[in-house]
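Engineer: Mind looking over this structure? Questions follow.
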Amino acid sequence: NRNILGFGHQLEQSFELNTLEKPSFYMSEGAYKVRNIRSSFTDAKLFWQTKPEIRKIGIELSKPFISPETKLGGGLNIQECSAGNIPGISNPATRIDYTIYDLWSGYSTIINRYKIPNAERSVFAVTGRYYNINYHHSPPVVLESNIPAVTINRYIASLSLVRSGYYLDNMAFSFGRTEDIPTGHLAQLTMGYETSLLADRYYMGIKLLSGQKIPKGGFVYSWFESGGYLTNKKFNDGIAAIGSEYISKLLKAGSYRLRSFGSLSYTTGINRSSIEELKINEGGYQKTYRNFYLTGDKRLKARFETVIFTPYYLLGFRFAAYSFVEAAMVAPSGKFILTSPIYPAIGLGFRIKNENLVFSTFQFGLIWYGRP
């Protein structure tokens with residue numbers, strides 16, 4: 001229930017059953033949320049986690065930039081945790097306790113308004129963030145693991161320039177209701193400084209994004225982002241990514257409607273010394289390769305999907321069929337990405353959507369993989 005007694009409160013609790021553990025049945029994650037406190041668009045949340053491998057309790061306050069008209073935003077997240085699943089440590093009896101403090105705030109202002117049909121606005125925003133993870137009584141063996149559990153402080157600042165607008169459309173991501181399809185441009189510069197027991201280093205990142213409506217219908221989004229650390233005047237532990245997404249115009253076939261979606265992205269590591277690797281299943285909303293545990297230093301993914309929206313309507317439920325082809329590749333450092341094996345996938349199925357439900361979309365499908 002997302003609106004207990006009409007107060008805008010929400011209580012949630014999940015349970016898990018694992019017959020290989022003792023106890024086998026236990027409460028796992030839960031939260032109590034209070035939304036829109038005193039009409040300020042500020043949400044508060046008390047959350048907890050009681051899994052055998054991790055125990056956690058925390059509080060979160062959040063006031064995001066709801067719209068370009070929002071001037072002030074910010075958030076606070078404090079967690080007290082105790083974990084036993086330490087990377088690189090095989091002894092299950094070894095546990096570490098740590099606290100997380102995460103604070104951010106920002107100011108946004110409209111610097112120009114454009115009197116054109118899609119009501120674009122230029123917005124400048126400056127934001128800052130402080131992040132601290134503080135380990136208590138960590139056993140010495142933790143320092144020798146692949147990911148050392150040491151106290152870290154991060155100080156981050158970001159400058160953003162956004163020109164944004166929208167077009168009205170439908171049957172893009174929903175089943176008939178009017179949707180705001182965003183367009184515009186984004187340029188963002190992020191700078192930071194990190195201190196820890198192992199090293200002190202600077203961070204710098206850049207992000208560019210553009211979304212445009214095609215004159216004869218459809219939308220194209222393109223983006224580029226890169227970031228990494230500066231130590232001893234060298235750029236390391238970095239990453240760079242470039243990609244594009246395409247949404248076709250809505251086609252009519254009698255009482256049916258068709259729309260296609262395409263995406264292409266490439267991500268690569270830059271002078272990476274840590275064990276962090278790119279996973280084949282990351283880098284998008286689709287989880288086609290969730291059963292493939294492949295990692296590398298480079299990743300290339302492509303996908304094309306067609307959706308057929310049917311005219312059938314039953315008790316608030318609408319129906320659509322879809323089919324797609326997708327391919328992904330990963331490669332280690334020093335190897336050309338196109339010389340790596342291709343992992344293709346072909347899928348089809350149908351989706352059922354009801355806007356009145358909390359979990360509004362149900363998907364049933366089949367996927368065939370050309371490589372095990």
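If you're wondering about the labels, chains in the structure tokens are A, B, ... by order shown, residues count from 1 in each chain, ligands from 1 in order shown.
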Would you please extract all strand (DSSP E) residues from segment 33-265 of chain A, as assigned by DSSP on the backbone, and give them as a ChimeraX atom specification?
Structural biologist: /A:33-34,43-51,54-63,72-83,96-113,121-136,152-169,179-196,201-213,219-231,234-247,251-253,256-265
Engineer: Taking 3 positions as the minimum chain separation for residues in the same chain, which residues sit within 10 Å of Ser210 of chain A when counting only C-alpha atoms? Answer as a ChimeraX atom specification.
Structural biologist: /A:162-164,183-187,220-224,244
Engineer: Could you name the residues that touch Gly58 of chain A at 6 Å or less, counting only C-alpha atoms, but leaving out those on the same chain fewer than 5 positions away, as an mmCIF file with all heavy atoms, in the first residue's frame?
Structural biologist:
```cif
data_model
loop_
_atom_site.group_PDB
_atom_site.id
_atom_site.type_symbol
_atom_site.label_atom_id
_atom_site.label_comp_id
_atom_site.auth_asym_id
_atom_site.auth_seq_id
_atom_site.Cartn_x
_atom_site.Cartn_y
_atom_site.Cartn_z
ATOM 1 N N LEU A 46 13.107 5.125 6.253
ATOM 2 C CA LEU A 46 13.844 4.298 7.196
ATOM 3 C C LEU A 46 13.903 2.897 6.596
ATOM 4 O O LEU A 46 12.867 2.315 6.280
ATOM 5 C CB LEU A 46 13.145 4.264 8.551
ATOM 6 C CG LEU A 46 13.736 3.313 9.600
ATOM 7 C CD1 LEU A 46 15.127 3.787 10.022
ATOM 8 C CD2 LEU A 46 12.810 3.202 10.809
ATOM 9 N N PHE A 47 15.103 2.342 6.424
ATOM 10 C CA PHE A 47 15.231 1.052 5.761
ATOM 11 C C PHE A 47 16.135 0.126 6.562
ATOM 12 O O PHE A 47 16.972 0.574 7.360
ATOM 13 C CB PHE A 47 15.761 1.212 4.331
ATOM 14 C CG PHE A 47 17.083 1.916 4.238
ATOM 15 C CD1 PHE A 47 18.271 1.206 4.194
ATOM 16 C CD2 PHE A 47 17.149 3.302 4.165
ATOM 17 C CE1 PHE A 47 19.494 1.848 4.094
ATOM 18 C CE2 PHE A 47 18.373 3.961 4.064
ATOM 19 C CZ PHE A 47 19.542 3.229 4.029
ATOM 20 N N ILE A 78 22.404 7.739 5.511
ATOM 21 C CA ILE A 78 23.270 7.250 6.576
ATOM 22 C C ILE A 78 22.942 5.782 6.811
ATOM 23 O O ILE A 78 21.778 5.421 6.989
ATOM 24 C CB ILE A 78 23.087 8.052 7.875
ATOM 25 C CG1 ILE A 78 23.406 9.529 7.648
ATOM 26 C CG2 ILE A 78 23.980 7.494 8.985
ATOM 27 C CD1 ILE A 78 23.149 10.402 8.862
ATOM 28 N N GLN A 79 23.973 4.917 6.808
ATOM 29 C CA GLN A 79 23.778 3.487 6.977
ATOM 30 C C GLN A 79 24.777 2.926 7.985
ATOM 31 O O GLN A 79 25.938 3.340 8.005
ATOM 32 C CB GLN A 79 23.966 2.746 5.657
ATOM 33 C CG GLN A 79 23.094 3.216 4.516
ATOM 34 C CD GLN A 79 23.365 2.446 3.244
ATOM 35 O OE1 GLN A 79 23.739 1.265 3.272
ATOM 36 N NE2 GLN A 79 23.179 3.104 2.118
#
```
Engineer: Which residues, written as an MDAnalysis selection string, have at least one atom at most 12 Å from Phe336 of chain A, with only C-alpha atoms counted and residues fewer than 6 positions away on the same chain left out?
Structural biologist: chainID A and resid 268 296:300 329:330
Engineer: Let's have the selection written as a PDB file, in the first residue's frame, with N, CA and C atoms.
Structural biologist:
```pdb
ATOM      1  N   THR A 268      34.829   1.045 -22.806  1.00  0.00           N
ATOM      2  CA  THR A 268      36.184   0.525 -22.643  1.00  0.00           C
ATOM      3  C   THR A 268      36.826   1.085 -21.383  1.00  0.00           C
ATOM      4  N   GLY A 296      35.207  -8.443 -19.008  1.00  0.00           N
ATOM      5  CA  GLY A 296      36.360  -8.014 -19.780  1.00  0.00           C
ATOM      6  C   GLY A 296      36.642  -6.546 -19.550  1.00  0.00           C
ATOM      7  N   ASP A 297      37.540  -6.008 -20.366  1.00  0.00           N
ATOM      8  CA  ASP A 297      37.917  -4.601 -20.265  1.00  0.00           C
ATOM      9  C   ASP A 297      37.194  -3.746 -21.296  1.00  0.00           C
ATOM     10  N   LYS A 298      36.556  -4.402 -22.285  1.00  0.00           N
ATOM     11  CA  LYS A 298      35.814  -3.706 -23.338  1.00  0.00           C
ATOM     12  C   LYS A 298      34.485  -4.420 -23.549  1.00  0.00           C
ATOM     13  N   ARG A 299      33.458  -3.653 -23.958  1.00  0.00           N
ATOM     14  CA  ARG A 299      32.148  -4.258 -24.208  1.00  0.00           C
ATOM     15  C   ARG A 299      31.462  -3.542 -25.364  1.00  0.00           C
ATOM     16  N   LEU A 300      30.878  -4.331 -26.270  1.00  0.00           N
ATOM     17  CA  LEU A 300      30.126  -3.807 -27.405  1.00  0.00           C
ATOM     18  C   LEU A 300      28.769  -4.488 -27.429  1.00  0.00           C
ATOM     19  N   MET A 329      29.516  -8.405 -27.146  1.00  0.00           N
ATOM     20  CA  MET A 329      30.892  -8.890 -27.180  1.00  0.00           C
ATOM     21  C   MET A 329      31.653  -8.266 -26.018  1.00  0.00           C
ATOM     22  N   VAL A 330      32.557  -9.026 -25.412  1.00  0.00           N
ATOM     23  CA  VAL A 330      33.469  -8.506 -24.401  1.00  0.00           C
ATOM     24  C   VAL A 330      34.877  -8.975 -24.745  1.00  0.00           C
TER      25      VAL A 330
END
```
Engineer: Between A:Tyr193, A:Tyr266, A:Tyr246, A:Phe319, which is the closest to Glu225 of chain A once you count only C-alpha atoms?
Structural biologist: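 Distance minimum relative to Glu225 of chain A lands on A:Tyr266.
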Engineer: What does the distance between atom CA of Gln13 of chain A and atom CA of Gln49 of chain A come to in Å, to one decimal place?
Structural biologist: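 So the answer is 9.6 Å.
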Engineer: Write out as a list of chain:residue names which residues come within 7 Å of segment 127-132 of chain A when counting only C-alpha atoms, dropping same-chain ones fewer than 2 positions away.
Structural biologist: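 The filter keeps A:Ile100, A:Tyr101, A:Asp102, A:Leu103, A:Trp104, A:Ser105, A:Gly106, A:Tyr107, A:Ala125, A:Asn134, A:Ile152, A:Asn153, A:Arg154, A:Tyr155, A:Ile156, A:Ala157, A:Ser158, A:Leu159.
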Engineer: Once you have the residues from the selection above, write them out as a compact mmCIF listing (two decimals), in the first residue's frame, restricted to all heavy atoms.
Structural biologist:
```txt
# COMPACT_ATOMS: atom_id res chain seq x y z
N ILE A 100 28.23 4.30 6.51
CA ILE A 100 28.24 5.10 5.28
C ILE A 100 27.53 6.42 5.54
O ILE A 100 26.41 6.44 6.08
CB ILE A 100 27.55 4.35 4.12
CG1 ILE A 100 28.35 3.10 3.75
CG2 ILE A 100 27.38 5.27 2.92
CD1 ILE A 100 27.71 2.28 2.64
N TYR A 101 28.19 7.52 5.17
CA TYR A 101 27.60 8.85 5.19
C TYR A 101 27.63 9.39 3.77
O TYR A 101 28.70 9.47 3.16
CB TYR A 101 28.36 9.80 6.12
CG TYR A 101 28.37 9.37 7.57
CD1 TYR A 101 29.43 8.62 8.08
CD2 TYR A 101 27.32 9.71 8.42
CE1 TYR A 101 29.45 8.22 9.40
CE2 TYR A 101 27.33 9.31 9.75
CZ TYR A 101 28.40 8.57 10.23
OH TYR A 101 28.40 8.18 11.55
N ASP A 102 26.47 9.72 3.25
CA ASP A 102 26.38 10.19 1.86
C ASP A 102 25.48 11.43 1.85
O ASP A 102 24.29 11.35 2.14
CB ASP A 102 25.80 9.09 0.99
CG ASP A 102 25.95 9.38 -0.50
OD1 ASP A 102 26.39 10.49 -0.85
OD2 ASP A 102 25.62 8.49 -1.31
N LEU A 103 26.05 12.58 1.51
CA LEU A 103 25.33 13.86 1.55
C LEU A 103 25.55 14.60 0.25
O LEU A 103 26.69 14.72 -0.23
CB LEU A 103 25.83 14.69 2.73
CG LEU A 103 25.36 16.15 2.80
CD1 LEU A 103 23.86 16.21 3.08
CD2 LEU A 103 26.13 16.91 3.87
N TRP A 104 24.47 15.13 -0.36
CA TRP A 104 24.62 15.95 -1.56
C TRP A 104 23.61 17.09 -1.54
O TRP A 104 22.55 17.00 -0.89
CB TRP A 104 24.45 15.12 -2.83
CG TRP A 104 23.02 14.76 -3.16
CD1 TRP A 104 22.32 13.68 -2.73
CD2 TRP A 104 22.13 15.50 -4.01
NE1 TRP A 104 21.04 13.68 -3.24
CE2 TRP A 104 20.90 14.79 -4.04
CE3 TRP A 104 22.24 16.67 -4.75
CZ2 TRP A 104 19.80 15.23 -4.77
CZ3 TRP A 104 21.14 17.11 -5.49
CH2 TRP A 104 19.95 16.38 -5.49
N SER A 105 23.92 18.16 -2.22
CA SER A 105 23.01 19.30 -2.37
C SER A 105 23.35 20.03 -3.66
O SER A 105 24.46 19.88 -4.21
CB SER A 105 23.12 20.25 -1.17
OG SER A 105 24.41 20.83 -1.12
N GLY A 106 22.41 20.80 -4.17
CA GLY A 106 22.65 21.50 -5.42
C GLY A 106 21.68 22.63 -5.65
O GLY A 106 20.62 22.73 -5.00
N TYR A 107 22.07 23.51 -6.56
CA TYR A 107 21.25 24.66 -6.94
C TYR A 107 21.12 24.70 -8.45
O TYR A 107 22.10 24.51 -9.18
CB TYR A 107 21.88 25.96 -6.45
CG TYR A 107 21.16 27.21 -6.91
CD1 TYR A 107 19.97 27.60 -6.30
CD2 TYR A 107 21.65 27.97 -7.96
CE1 TYR A 107 19.28 28.73 -6.72
CE2 TYR A 107 20.98 29.10 -8.39
CZ TYR A 107 19.80 29.48 -7.78
OH TYR A 107 19.12 30.59 -8.20
N ALA A 125 23.16 24.19 -13.47
CA ALA A 125 23.08 23.61 -12.13
C ALA A 125 24.48 23.35 -11.60
O ALA A 125 25.39 22.96 -12.34
CB ALA A 125 22.29 22.29 -12.16
N ASN A 134 33.28 4.29 6.40
CA ASN A 134 34.19 4.21 7.54
C ASN A 134 34.12 2.80 8.12
O ASN A 134 33.09 2.38 8.66
CB ASN A 134 33.82 5.26 8.58
CG ASN A 134 34.83 5.34 9.70
OD1 ASN A 134 35.96 4.89 9.56
ND2 ASN A 134 34.41 5.88 10.83
N ILE A 152 37.28 5.48 3.22
CA ILE A 152 37.43 6.34 2.05
C ILE A 152 36.58 7.59 2.24
O ILE A 152 35.45 7.53 2.72
CB ILE A 152 36.98 5.61 0.76
CG1 ILE A 152 37.93 4.44 0.46
CG2 ILE A 152 36.93 6.55 -0.43
CD1 ILE A 152 37.51 3.62 -0.75
N ASN A 153 37.13 8.75 1.85
CA ASN A 153 36.39 10.01 1.79
C ASN A 153 36.41 10.51 0.36
O ASN A 153 37.47 10.53 -0.28
CB ASN A 153 37.03 11.06 2.70
CG ASN A 153 36.86 10.72 4.17
OD1 ASN A 153 35.79 10.91 4.74
ND2 ASN A 153 37.92 10.20 4.78
N ARG A 154 35.25 10.91 -0.14
CA ARG A 154 35.17 11.47 -1.49
C ARG A 154 34.46 12.83 -1.43
O ARG A 154 33.39 12.96 -0.84
CB ARG A 154 34.41 10.53 -2.43
CG ARG A 154 35.12 9.24 -2.73
CD ARG A 154 34.49 8.51 -3.90
NE ARG A 154 35.20 7.26 -4.18
CZ ARG A 154 34.70 6.05 -3.97
NH1 ARG A 154 33.49 5.94 -3.47
NH2 ARG A 154 35.40 4.98 -4.24
N TYR A 155 35.07 13.82 -2.11
CA TYR A 155 34.51 15.17 -2.22
C TYR A 155 34.30 15.43 -3.71
O TYR A 155 35.25 15.41 -4.49
CB TYR A 155 35.45 16.20 -1.62
CG TYR A 155 35.91 15.86 -0.21
CD1 TYR A 155 37.03 15.06 0.01
CD2 TYR A 155 35.21 16.34 0.90
CE1 TYR A 155 37.46 14.74 1.28
CE2 TYR A 155 35.63 16.04 2.19
CZ TYR A 155 36.76 15.24 2.36
OH TYR A 155 37.18 14.93 3.65
N ILE A 156 33.06 15.68 -4.09
CA ILE A 156 32.70 15.74 -5.51
C ILE A 156 31.92 17.01 -5.80
O ILE A 156 31.05 17.42 -5.01
CB ILE A 156 31.85 14.52 -5.92
CG1 ILE A 156 32.54 13.22 -5.51
CG2 ILE A 156 31.61 14.51 -7.43
CD1 ILE A 156 31.66 11.99 -5.67
N ALA A 157 32.21 17.66 -6.94
CA ALA A 157 31.46 18.82 -7.41
C ALA A 157 31.15 18.64 -8.89
O ALA A 157 31.94 18.04 -9.63
CB ALA A 157 32.24 20.11 -7.18
N SER A 158 30.00 19.15 -9.31
CA SER A 158 29.58 18.97 -10.69
C SER A 158 28.93 20.24 -11.22
O SER A 158 28.15 20.88 -10.52
CB SER A 158 28.60 17.79 -10.80
OG SER A 158 28.19 17.60 -12.14
N LEU A 159 29.25 20.58 -12.48
CA LEU A 159 28.64 21.69 -13.19
C LEU A 159 27.89 21.13 -14.39
O LEU A 159 28.44 20.36 -15.16
CB LEU A 159 29.69 22.70 -13.65
CG LEU A 159 30.60 23.30 -12.58
CD1 LEU A 159 31.66 24.18 -13.22
CD2 LEU A 159 29.79 24.09 -11.56
```
Engineer: When you count only C-alpha atoms, which of these residues is closest to Gly365 of chain A: A:Tyr343, A:Tyr203, A:Phe324, A:Phe309?
Structural biologist: A:Phe324
